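Next up, target_7.txt (compact mmCIF, N, CA and C atoms):
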```txt
# COMPACT_ATOMS: atom_id res chain seq x y z
N MET A 216 0.02 24.43 40.90
CA MET A 216 -0.74 23.37 40.28
C MET A 216 -1.48 23.93 39.07
N LEU A 217 -1.46 23.16 37.97
CA LEU A 217 -2.09 23.61 36.73
C LEU A 217 -3.60 23.39 36.78
N THR A 218 -4.31 24.36 36.29
CA THR A 218 -5.75 24.17 36.15
C THR A 218 -6.01 23.35 34.90
N LYS A 219 -7.23 22.88 34.73
CA LYS A 219 -7.56 22.07 33.56
C LYS A 219 -7.34 22.84 32.26
N SER A 220 -7.71 24.10 32.23
CA SER A 220 -7.54 24.88 31.01
C SER A 220 -6.07 25.10 30.69
N CYS A 221 -5.23 25.37 31.70
CA CYS A 221 -3.79 25.54 31.47
C CYS A 221 -3.18 24.22 30.99
N PHE A 222 -3.59 23.11 31.60
CA PHE A 222 -3.08 21.80 31.19
C PHE A 222 -3.44 21.54 29.73
N PHE A 223 -4.67 21.87 29.34
CA PHE A 223 -5.12 21.65 27.97
C PHE A 223 -4.30 22.48 26.99
N ILE A 224 -4.02 23.73 27.31
CA ILE A 224 -3.24 24.61 26.44
C ILE A 224 -1.81 24.08 26.30
N VAL A 225 -1.20 23.65 27.41
CA VAL A 225 0.15 23.08 27.36
C VAL A 225 0.15 21.81 26.52
N PHE A 226 -0.87 20.96 26.68
CA PHE A 226 -0.96 19.71 25.93
C PHE A 226 -1.06 19.99 24.43
N ILE A 227 -1.90 20.94 24.03
CA ILE A 227 -2.06 21.28 22.62
C ILE A 227 -0.75 21.83 22.05
N ALA A 228 -0.09 22.69 22.78
CA ALA A 228 1.18 23.26 22.31
C ALA A 228 2.23 22.17 22.15
N LEU A 229 2.31 21.26 23.10
CA LEU A 229 3.27 20.16 23.04
C LEU A 229 2.94 19.23 21.88
N PHE A 230 1.67 18.89 21.70
CA PHE A 230 1.25 18.00 20.62
C PHE A 230 1.57 18.62 19.26
N THR A 231 1.32 19.91 19.10
CA THR A 231 1.61 20.60 17.85
C THR A 231 3.11 20.57 17.56
N HIS A 232 3.91 20.80 18.59
CA HIS A 232 5.37 20.79 18.42
C HIS A 232 5.86 19.39 18.03
N ILE A 233 5.36 18.35 18.68
CA ILE A 233 5.75 16.97 18.37
C ILE A 233 5.32 16.62 16.95
N ALA A 234 4.13 17.04 16.53
CA ALA A 234 3.65 16.74 15.18
C ALA A 234 4.56 17.38 14.14
N GLU A 235 5.03 18.60 14.41
CA GLU A 235 5.92 19.27 13.46
C GLU A 235 7.27 18.58 13.39
N ILE A 236 7.79 18.14 14.53
CA ILE A 236 9.07 17.43 14.54
C ILE A 236 8.93 16.11 13.81
N GLY A 237 7.82 15.42 13.98
CA GLY A 237 7.60 14.11 13.37
C GLY A 237 7.28 14.18 11.89
N GLY A 238 7.25 15.35 11.31
CA GLY A 238 7.02 15.46 9.88
C GLY A 238 5.55 15.46 9.50
N CYS A 239 4.68 15.78 10.43
CA CYS A 239 3.24 15.76 10.14
C CYS A 239 2.73 17.09 9.63
N LYS A 240 3.62 18.04 9.42
CA LYS A 240 3.17 19.32 8.90
C LYS A 240 2.58 19.12 7.52
N LYS A 241 1.59 19.87 7.19
CA LYS A 241 0.94 19.75 5.89
C LYS A 241 1.92 19.90 4.75
N ASP A 242 2.93 20.77 4.91
CA ASP A 242 3.92 20.99 3.86
C ASP A 242 4.73 19.74 3.56
N ASN A 243 4.89 18.84 4.53
CA ASN A 243 5.69 17.64 4.34
C ASN A 243 4.88 16.47 3.81
N MET A 244 3.59 16.56 3.80
CA MET A 244 2.75 15.45 3.35
C MET A 244 2.73 15.43 1.82
N PRO A 245 2.89 14.24 1.22
CA PRO A 245 2.83 14.18 -0.24
C PRO A 245 1.44 14.50 -0.74
N GLU A 246 1.37 15.19 -1.84
CA GLU A 246 0.08 15.49 -2.45
C GLU A 246 -0.07 14.59 -3.66
N PHE A 247 -1.11 13.77 -3.67
CA PHE A 247 -1.31 12.84 -4.76
C PHE A 247 -2.33 13.41 -5.73
N LYS A 248 -2.17 13.05 -6.99
CA LYS A 248 -3.10 13.49 -8.02
C LYS A 248 -4.40 12.72 -7.88
N THR A 249 -5.47 13.33 -8.32
CA THR A 249 -6.75 12.64 -8.30
C THR A 249 -6.83 11.66 -9.45
N GLY A 250 -7.80 10.81 -9.44
CA GLY A 250 -7.95 9.83 -10.49
C GLY A 250 -7.10 8.60 -10.24
N MET A 251 -7.51 7.81 -9.27
CA MET A 251 -6.77 6.60 -8.94
C MET A 251 -6.96 5.55 -10.03
N VAL A 252 -5.98 4.67 -10.16
CA VAL A 252 -6.05 3.55 -11.09
C VAL A 252 -6.19 2.29 -10.25
N SER A 253 -7.17 1.45 -10.58
CA SER A 253 -7.39 0.21 -9.85
C SER A 253 -6.95 -0.97 -10.70
N ALA A 254 -6.43 -2.01 -10.03
CA ALA A 254 -6.02 -3.23 -10.72
C ALA A 254 -6.36 -4.43 -9.85
N SER A 255 -6.58 -5.57 -10.50
CA SER A 255 -6.87 -6.82 -9.81
C SER A 255 -6.22 -7.96 -10.59
N ASP A 256 -6.55 -9.19 -10.23
CA ASP A 256 -5.99 -10.33 -10.94
C ASP A 256 -6.38 -10.32 -12.42
N LYS A 257 -7.44 -9.62 -12.77
CA LYS A 257 -7.86 -9.51 -14.17
C LYS A 257 -6.87 -8.69 -15.00
N ASP A 258 -6.04 -7.90 -14.32
CA ASP A 258 -5.06 -7.06 -14.99
C ASP A 258 -3.68 -7.71 -15.05
N ASN A 259 -3.60 -8.96 -14.63
CA ASN A 259 -2.35 -9.70 -14.64
C ASN A 259 -1.77 -9.74 -16.06
N GLY A 260 -0.49 -9.38 -16.19
CA GLY A 260 0.17 -9.39 -17.49
C GLY A 260 -0.02 -8.14 -18.32
N ARG A 261 -0.80 -7.21 -17.86
CA ARG A 261 -1.07 -5.98 -18.62
C ARG A 261 -0.06 -4.89 -18.33
N THR A 262 -0.11 -3.84 -19.15
CA THR A 262 0.65 -2.62 -18.91
C THR A 262 -0.30 -1.60 -18.31
N ILE A 263 0.10 -1.02 -17.20
CA ILE A 263 -0.73 -0.04 -16.48
C ILE A 263 0.00 1.29 -16.50
N SER A 264 -0.69 2.34 -16.94
CA SER A 264 -0.08 3.67 -17.02
C SER A 264 -0.49 4.52 -15.82
N LEU A 265 0.48 5.25 -15.29
CA LEU A 265 0.27 6.18 -14.18
C LEU A 265 0.95 7.51 -14.50
N LEU A 266 0.54 8.52 -13.80
CA LEU A 266 1.24 9.80 -13.82
C LEU A 266 2.04 9.90 -12.53
N PRO A 267 3.08 10.72 -12.50
CA PRO A 267 3.76 10.94 -11.22
C PRO A 267 2.75 11.42 -10.17
N LYS A 268 2.83 10.87 -8.98
CA LYS A 268 1.97 11.18 -7.83
C LYS A 268 0.55 10.63 -7.98
N GLN A 269 0.27 9.84 -9.00
CA GLN A 269 -1.04 9.22 -9.14
C GLN A 269 -1.01 7.87 -8.42
N LEU A 270 -2.14 7.50 -7.81
CA LEU A 270 -2.22 6.27 -7.04
C LEU A 270 -2.64 5.08 -7.90
N LEU A 271 -2.06 3.94 -7.61
CA LEU A 271 -2.43 2.66 -8.19
C LEU A 271 -2.85 1.76 -7.03
N ILE A 272 -4.08 1.24 -7.08
CA ILE A 272 -4.58 0.36 -6.03
C ILE A 272 -4.72 -1.04 -6.61
N VAL A 273 -3.97 -1.98 -6.06
CA VAL A 273 -4.00 -3.37 -6.51
C VAL A 273 -4.69 -4.19 -5.42
N THR A 274 -5.80 -4.84 -5.78
CA THR A 274 -6.57 -5.65 -4.84
C THR A 274 -6.58 -7.09 -5.33
N LEU A 275 -6.12 -8.00 -4.48
CA LEU A 275 -6.02 -9.41 -4.83
C LEU A 275 -6.63 -10.29 -3.74
N ARG A 276 -7.18 -11.42 -4.18
CA ARG A 276 -7.72 -12.39 -3.23
C ARG A 276 -6.56 -12.96 -2.43
N ASN A 277 -6.73 -13.07 -1.13
CA ASN A 277 -5.69 -13.61 -0.26
C ASN A 277 -5.60 -15.13 -0.47
N PRO A 278 -4.40 -15.65 -0.75
CA PRO A 278 -4.24 -17.08 -1.06
C PRO A 278 -4.05 -17.96 0.18
N GLY A 279 -4.48 -17.49 1.33
CA GLY A 279 -4.27 -18.23 2.58
C GLY A 279 -4.93 -19.60 2.62
N ASP A 280 -5.98 -19.80 1.83
CA ASP A 280 -6.65 -21.10 1.85
C ASP A 280 -5.76 -22.21 1.31
N GLY A 281 -4.74 -21.88 0.57
CA GLY A 281 -3.79 -22.88 0.07
C GLY A 281 -2.52 -22.93 0.90
N GLY A 282 -2.53 -22.23 2.04
CA GLY A 282 -1.36 -22.21 2.90
C GLY A 282 -0.33 -21.17 2.49
N TYR A 283 -0.69 -20.29 1.57
CA TYR A 283 0.23 -19.28 1.07
C TYR A 283 0.08 -17.97 1.84
N ALA A 284 1.16 -17.21 1.88
CA ALA A 284 1.14 -15.85 2.43
C ALA A 284 1.85 -14.96 1.42
N PHE A 285 1.35 -13.73 1.28
CA PHE A 285 1.96 -12.79 0.34
C PHE A 285 3.38 -12.43 0.77
N ASP A 286 4.26 -12.31 -0.22
CA ASP A 286 5.61 -11.80 -0.01
C ASP A 286 5.59 -10.30 -0.27
N SER A 287 6.68 -9.63 0.04
CA SER A 287 6.78 -8.21 -0.27
C SER A 287 6.80 -8.02 -1.79
N PRO A 288 6.06 -7.05 -2.30
CA PRO A 288 6.05 -6.81 -3.75
C PRO A 288 7.45 -6.42 -4.24
N VAL A 289 7.73 -6.75 -5.48
CA VAL A 289 9.01 -6.42 -6.10
C VAL A 289 8.74 -5.39 -7.20
N PHE A 290 9.47 -4.27 -7.17
CA PHE A 290 9.29 -3.20 -8.14
C PHE A 290 10.48 -2.26 -8.07
N GLU A 291 10.62 -1.41 -9.07
CA GLU A 291 11.69 -0.41 -9.10
C GLU A 291 11.28 0.75 -8.19
N LYS A 292 11.96 0.89 -7.08
CA LYS A 292 11.57 1.87 -6.05
C LYS A 292 11.82 3.32 -6.44
N ASP A 293 12.56 3.55 -7.52
CA ASP A 293 12.74 4.93 -7.97
C ASP A 293 11.68 5.34 -9.00
N ILE A 294 10.88 4.37 -9.47
CA ILE A 294 9.83 4.65 -10.45
C ILE A 294 8.46 4.69 -9.77
N ILE A 295 8.16 3.69 -8.92
CA ILE A 295 6.91 3.66 -8.16
C ILE A 295 7.22 3.42 -6.69
N GLY A 296 6.33 3.87 -5.84
CA GLY A 296 6.52 3.69 -4.41
C GLY A 296 5.32 3.00 -3.80
N LEU A 297 5.56 2.26 -2.73
CA LEU A 297 4.50 1.60 -1.98
C LEU A 297 4.03 2.55 -0.89
N THR A 298 2.78 2.96 -0.97
CA THR A 298 2.21 3.89 -0.01
C THR A 298 1.63 3.17 1.20
N GLY A 299 1.06 1.98 0.97
CA GLY A 299 0.49 1.23 2.09
C GLY A 299 -0.09 -0.09 1.64
N LYS A 300 -0.40 -0.94 2.62
CA LYS A 300 -1.01 -2.24 2.37
C LYS A 300 -2.02 -2.50 3.47
N THR A 301 -3.18 -3.02 3.08
CA THR A 301 -4.22 -3.36 4.05
C THR A 301 -4.81 -4.72 3.72
N HIS A 302 -5.37 -5.34 4.73
CA HIS A 302 -6.09 -6.60 4.55
C HIS A 302 -7.57 -6.32 4.70
N ILE A 303 -8.38 -6.92 3.83
CA ILE A 303 -9.83 -6.76 3.88
C ILE A 303 -10.41 -8.11 4.28
N ASN A 304 -11.04 -8.17 5.43
CA ASN A 304 -11.63 -9.41 5.91
C ASN A 304 -12.78 -9.85 5.01
N PRO A 305 -13.01 -11.17 4.92
CA PRO A 305 -14.13 -11.66 4.10
C PRO A 305 -15.46 -11.30 4.74
N ASP A 306 -16.50 -11.29 3.91
CA ASP A 306 -17.84 -11.09 4.43
C ASP A 306 -18.18 -12.26 5.33
N SER A 307 -18.96 -12.03 6.36
CA SER A 307 -19.32 -13.12 7.28
C SER A 307 -20.15 -14.19 6.57
N ALA A 308 -20.80 -13.84 5.46
CA ALA A 308 -21.63 -14.80 4.73
C ALA A 308 -20.82 -15.59 3.71
N SER A 309 -19.50 -15.33 3.63
CA SER A 309 -18.67 -16.01 2.64
C SER A 309 -18.49 -17.48 2.98
N ALA A 310 -18.16 -18.24 1.95
CA ALA A 310 -17.94 -19.67 2.12
C ALA A 310 -16.66 -19.92 2.91
N ALA A 311 -16.56 -21.11 3.50
CA ALA A 311 -15.35 -21.49 4.23
C ALA A 311 -14.17 -21.44 3.27
N GLY A 312 -13.01 -21.07 3.78
CA GLY A 312 -11.82 -21.00 2.95
C GLY A 312 -11.57 -19.63 2.35
N ASP A 313 -12.46 -18.68 2.59
CA ASP A 313 -12.28 -17.32 2.08
C ASP A 313 -11.41 -16.55 3.07
N PHE A 314 -10.22 -16.17 2.66
CA PHE A 314 -9.30 -15.44 3.52
C PHE A 314 -9.34 -13.94 3.25
N GLY A 315 -10.34 -13.48 2.52
CA GLY A 315 -10.47 -12.06 2.24
C GLY A 315 -9.58 -11.62 1.10
N LYS A 316 -9.24 -10.34 1.12
CA LYS A 316 -8.42 -9.74 0.06
C LYS A 316 -7.33 -8.90 0.70
N ASP A 317 -6.31 -8.65 -0.06
CA ASP A 317 -5.26 -7.73 0.36
C ASP A 317 -5.19 -6.62 -0.67
N ARG A 318 -4.88 -5.42 -0.20
CA ARG A 318 -4.85 -4.24 -1.07
C ARG A 318 -3.55 -3.48 -0.84
N TRP A 319 -2.84 -3.23 -1.95
CA TRP A 319 -1.62 -2.44 -1.93
C TRP A 319 -1.92 -1.12 -2.62
N ILE A 320 -1.36 -0.06 -2.08
CA ILE A 320 -1.50 1.26 -2.70
C ILE A 320 -0.10 1.74 -3.09
N PHE A 321 0.08 1.93 -4.38
CA PHE A 321 1.35 2.41 -4.93
C PHE A 321 1.12 3.83 -5.48
N HIS A 322 2.20 4.54 -5.74
CA HIS A 322 2.11 5.84 -6.39
C HIS A 322 3.27 6.01 -7.37
N GLY A 323 2.99 6.73 -8.45
CA GLY A 323 4.03 7.03 -9.41
C GLY A 323 5.01 8.03 -8.83
N ILE A 324 6.29 7.80 -9.05
CA ILE A 324 7.31 8.72 -8.53
C ILE A 324 7.88 9.57 -9.67
N LYS A 325 8.41 8.90 -10.70
CA LYS A 325 8.98 9.65 -11.81
C LYS A 325 8.79 8.84 -13.09
N LYS A 326 9.00 9.50 -14.22
CA LYS A 326 8.81 8.85 -15.52
C LYS A 326 9.74 7.65 -15.66
N GLY A 327 9.17 6.58 -16.22
CA GLY A 327 9.93 5.36 -16.43
C GLY A 327 9.00 4.17 -16.37
N SER A 328 9.58 2.98 -16.40
CA SER A 328 8.76 1.78 -16.31
C SER A 328 9.34 0.82 -15.29
N SER A 329 8.47 0.04 -14.71
CA SER A 329 8.86 -0.92 -13.68
C SER A 329 7.95 -2.13 -13.76
N LYS A 330 8.51 -3.28 -13.62
CA LYS A 330 7.71 -4.49 -13.47
C LYS A 330 7.26 -4.53 -12.01
N LEU A 331 5.99 -4.81 -11.79
CA LEU A 331 5.45 -4.97 -10.44
C LEU A 331 5.05 -6.43 -10.31
N GLU A 332 5.65 -7.11 -9.34
CA GLU A 332 5.36 -8.53 -9.15
C GLU A 332 5.02 -8.77 -7.68
N ILE A 333 3.87 -9.44 -7.49
CA ILE A 333 3.45 -9.82 -6.15
C ILE A 333 3.39 -11.34 -6.12
N THR A 334 4.18 -11.94 -5.23
CA THR A 334 4.24 -13.39 -5.12
C THR A 334 3.73 -13.85 -3.76
N ALA A 335 3.53 -15.15 -3.64
CA ALA A 335 3.14 -15.75 -2.37
C ALA A 335 3.92 -17.05 -2.19
N THR A 336 4.24 -17.37 -0.96
CA THR A 336 4.96 -18.61 -0.66
C THR A 336 4.29 -19.31 0.52
N ARG A 337 4.59 -20.59 0.63
CA ARG A 337 4.17 -21.38 1.79
C ARG A 337 5.31 -21.37 2.79
N SER A 338 4.98 -21.40 4.06
CA SER A 338 6.00 -21.32 5.10
C SER A 338 7.00 -22.46 5.01
N PHE A 339 6.58 -23.61 4.54
CA PHE A 339 7.46 -24.77 4.45
C PHE A 339 8.14 -24.89 3.09
N ASP A 340 7.89 -23.94 2.17
CA ASP A 340 8.46 -24.02 0.82
C ASP A 340 8.81 -22.62 0.31
N LYS A 341 9.70 -21.94 1.02
CA LYS A 341 10.07 -20.57 0.66
C LYS A 341 10.85 -20.49 -0.66
N GLU A 342 11.36 -21.60 -1.14
CA GLU A 342 12.16 -21.63 -2.35
C GLU A 342 11.33 -21.58 -3.64
N HIS A 343 10.01 -21.76 -3.53
CA HIS A 343 9.17 -21.84 -4.72
C HIS A 343 7.99 -20.87 -4.64
N PRO A 344 8.26 -19.56 -4.78
CA PRO A 344 7.15 -18.60 -4.75
C PRO A 344 6.24 -18.76 -5.97
N VAL A 345 4.98 -18.42 -5.79
CA VAL A 345 4.00 -18.45 -6.87
C VAL A 345 3.67 -17.00 -7.22
N VAL A 346 3.74 -16.66 -8.50
CA VAL A 346 3.42 -15.30 -8.93
C VAL A 346 1.90 -15.15 -8.92
N ILE A 347 1.41 -14.24 -8.11
CA ILE A 347 -0.02 -13.97 -8.01
C ILE A 347 -0.42 -12.83 -8.94
N PHE A 348 0.47 -11.83 -9.06
CA PHE A 348 0.18 -10.67 -9.90
C PHE A 348 1.48 -10.17 -10.50
N SER A 349 1.43 -9.87 -11.79
CA SER A 349 2.59 -9.32 -12.48
C SER A 349 2.10 -8.37 -13.56
N ALA A 350 2.62 -7.16 -13.56
CA ALA A 350 2.21 -6.16 -14.55
C ALA A 350 3.39 -5.22 -14.80
N SER A 351 3.36 -4.58 -15.93
CA SER A 351 4.33 -3.55 -16.27
C SER A 351 3.70 -2.20 -15.94
N ILE A 352 4.37 -1.42 -15.10
CA ILE A 352 3.84 -0.12 -14.71
C ILE A 352 4.65 0.95 -15.45
N VAL A 353 3.97 1.81 -16.19
CA VAL A 353 4.63 2.88 -16.93
C VAL A 353 4.18 4.21 -16.34
N VAL A 354 5.15 4.96 -15.81
CA VAL A 354 4.85 6.29 -15.29
C VAL A 354 5.21 7.27 -16.38
N LYS A 355 4.20 8.04 -16.83
CA LYS A 355 4.38 8.96 -17.96
C LYS A 355 4.65 10.37 -17.51
```
Would you give me this structure, written as structure tokens?
Amino acid sequence: MLTKSCFFIVFIALFTHIAEIGGCKKDNMPEFKTGMVSASDKDNGRTISLLPKQLLIVTLRNPGDGGYAFDSPVFEKDIIGLTGKTHINPDSASAAGDFGKDRWIFHGIKKGSSKLEITATRSFDKEHPVVIFSASIVVK
């Protein structure tokens, strides 16, 4: 029978091995450049410049009050990459109809340009998306 200390050592060794197999080693993690670029609906239609491995954070008001839901962003996947997406709940003191904000984190991959378009559709009208955000992303 294993003692608590032996069990703990076996658990740590197993966890470390699984983390290495799963690609969690520090060497496999992407290293991003400092100096993030932020964008919002105020940057709609603009050209946004990034460096390879630099982050672009796009924050937009959630259009749920009109029955809309965000679609997957459209962009050139060899120029920029989507690192993650999160939803930010509204403040509790906000007015009714506030569905919070959504935030996408992109990163520059290689030199080039890509149009970034974020649309939203209604569940009953998938044929007519509304463009919420559109910008030209230039990776230098």
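Our summary of the geometry notes that atom C of His343 of chain A is positioned 24.7 Å from atom N of Thr298 of chain A.
Compared by their closest atoms to Asp258 of chain A, and using only N, CA and C atoms, the residues A:Phe348, A:Gly279, A:Ser287, A:Asp317 rank with A:Phe348 nearest.
Interatomic distance, atom CA of Gly299 of chain A against atom N of Trp319 of chain A: 6.9 Å.
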Write out as a ChimeraX atom specification all residues of segment 239-323 of chain A that backbone DSSP assigns to strand (DSSP E). /A:248-254,262-265,269-276,283-285,295-303,316-323
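For the choices A:Thr274, A:Gln269, A:Ser329, A:Asn304, the atom-to-atom distance to Lys292 of chain A is smallest for A:Ser329 when using all atoms listed in the file.
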Is there a way to complete segment 290-300 of chain A with all heavy atoms and then write that out as a compact mmCIF listing (two decimals), in the frame of the given file?
```
# COMPACT_ATOMS: atom_id res chain seq x y z
N PHE A 290 9.47 -4.27 -7.17
CA PHE A 290 9.29 -3.20 -8.14
C PHE A 290 10.48 -2.26 -8.07
O PHE A 290 11.27 -2.33 -7.11
CB PHE A 290 7.99 -2.43 -7.89
CG PHE A 290 7.86 -1.89 -6.48
CD1 PHE A 290 8.29 -0.62 -6.16
CD2 PHE A 290 7.33 -2.68 -5.48
CE1 PHE A 290 8.19 -0.13 -4.87
CE2 PHE A 290 7.21 -2.21 -4.18
CZ PHE A 290 7.65 -0.93 -3.87
N GLU A 291 10.62 -1.41 -9.07
CA GLU A 291 11.69 -0.41 -9.10
C GLU A 291 11.28 0.75 -8.19
O GLU A 291 10.37 1.52 -8.52
CB GLU A 291 11.92 0.10 -10.53
CG GLU A 291 12.39 -0.97 -11.50
CD GLU A 291 13.78 -1.47 -11.19
OE1 GLU A 291 14.61 -0.68 -10.70
OE2 GLU A 291 14.02 -2.66 -11.44
N LYS A 292 11.96 0.89 -7.08
CA LYS A 292 11.57 1.87 -6.05
C LYS A 292 11.82 3.32 -6.44
O LYS A 292 11.33 4.22 -5.78
CB LYS A 292 12.26 1.53 -4.74
CG LYS A 292 11.73 0.22 -4.15
CD LYS A 292 12.50 -0.22 -2.94
CE LYS A 292 11.96 -1.46 -2.31
NZ LYS A 292 11.73 -2.61 -3.13
N ASP A 293 12.56 3.55 -7.52
CA ASP A 293 12.74 4.93 -7.97
C ASP A 293 11.68 5.34 -9.00
O ASP A 293 11.54 6.50 -9.31
CB ASP A 293 14.15 5.16 -8.53
CG ASP A 293 14.48 4.24 -9.69
OD1 ASP A 293 13.92 3.13 -9.77
OD2 ASP A 293 15.32 4.63 -10.53
N ILE A 294 10.88 4.37 -9.47
CA ILE A 294 9.83 4.65 -10.45
C ILE A 294 8.46 4.69 -9.77
O ILE A 294 7.65 5.59 -10.01
CB ILE A 294 9.81 3.59 -11.59
CG1 ILE A 294 11.18 3.50 -12.26
CG2 ILE A 294 8.70 3.88 -12.59
CD1 ILE A 294 11.62 4.75 -12.98
N ILE A 295 8.16 3.69 -8.92
CA ILE A 295 6.91 3.66 -8.16
C ILE A 295 7.22 3.42 -6.69
O ILE A 295 8.26 2.86 -6.35
CB ILE A 295 5.92 2.58 -8.68
CG1 ILE A 295 6.53 1.19 -8.64
CG2 ILE A 295 5.43 2.93 -10.07
CD1 ILE A 295 5.56 0.07 -9.04
N GLY A 296 6.33 3.87 -5.84
CA GLY A 296 6.52 3.69 -4.41
C GLY A 296 5.32 3.00 -3.80
O GLY A 296 4.20 3.11 -4.29
N LEU A 297 5.56 2.26 -2.73
CA LEU A 297 4.50 1.60 -1.98
C LEU A 297 4.03 2.55 -0.89
O LEU A 297 4.79 2.91 0.00
CB LEU A 297 4.99 0.28 -1.39
CG LEU A 297 3.99 -0.50 -0.55
CD1 LEU A 297 2.77 -0.90 -1.37
CD2 LEU A 297 4.66 -1.74 0.04
N THR A 298 2.78 2.96 -0.97
CA THR A 298 2.21 3.89 -0.01
C THR A 298 1.63 3.17 1.20
O THR A 298 1.71 3.66 2.31
CB THR A 298 1.11 4.75 -0.69
OG1 THR A 298 1.69 5.38 -1.82
CG2 THR A 298 0.55 5.78 0.24
N GLY A 299 1.06 1.98 0.97
CA GLY A 299 0.49 1.23 2.09
C GLY A 299 -0.09 -0.09 1.64
O GLY A 299 -0.25 -0.35 0.44
N LYS A 300 -0.40 -0.94 2.62
CA LYS A 300 -1.01 -2.24 2.37
C LYS A 300 -2.02 -2.50 3.47
O LYS A 300 -1.76 -2.23 4.63
CB LYS A 300 0.03 -3.35 2.36
CG LYS A 300 -0.57 -4.74 2.14
CD LYS A 300 0.48 -5.81 2.29
CE LYS A 300 -0.09 -7.18 2.02
NZ LYS A 300 -0.78 -7.77 3.14
```
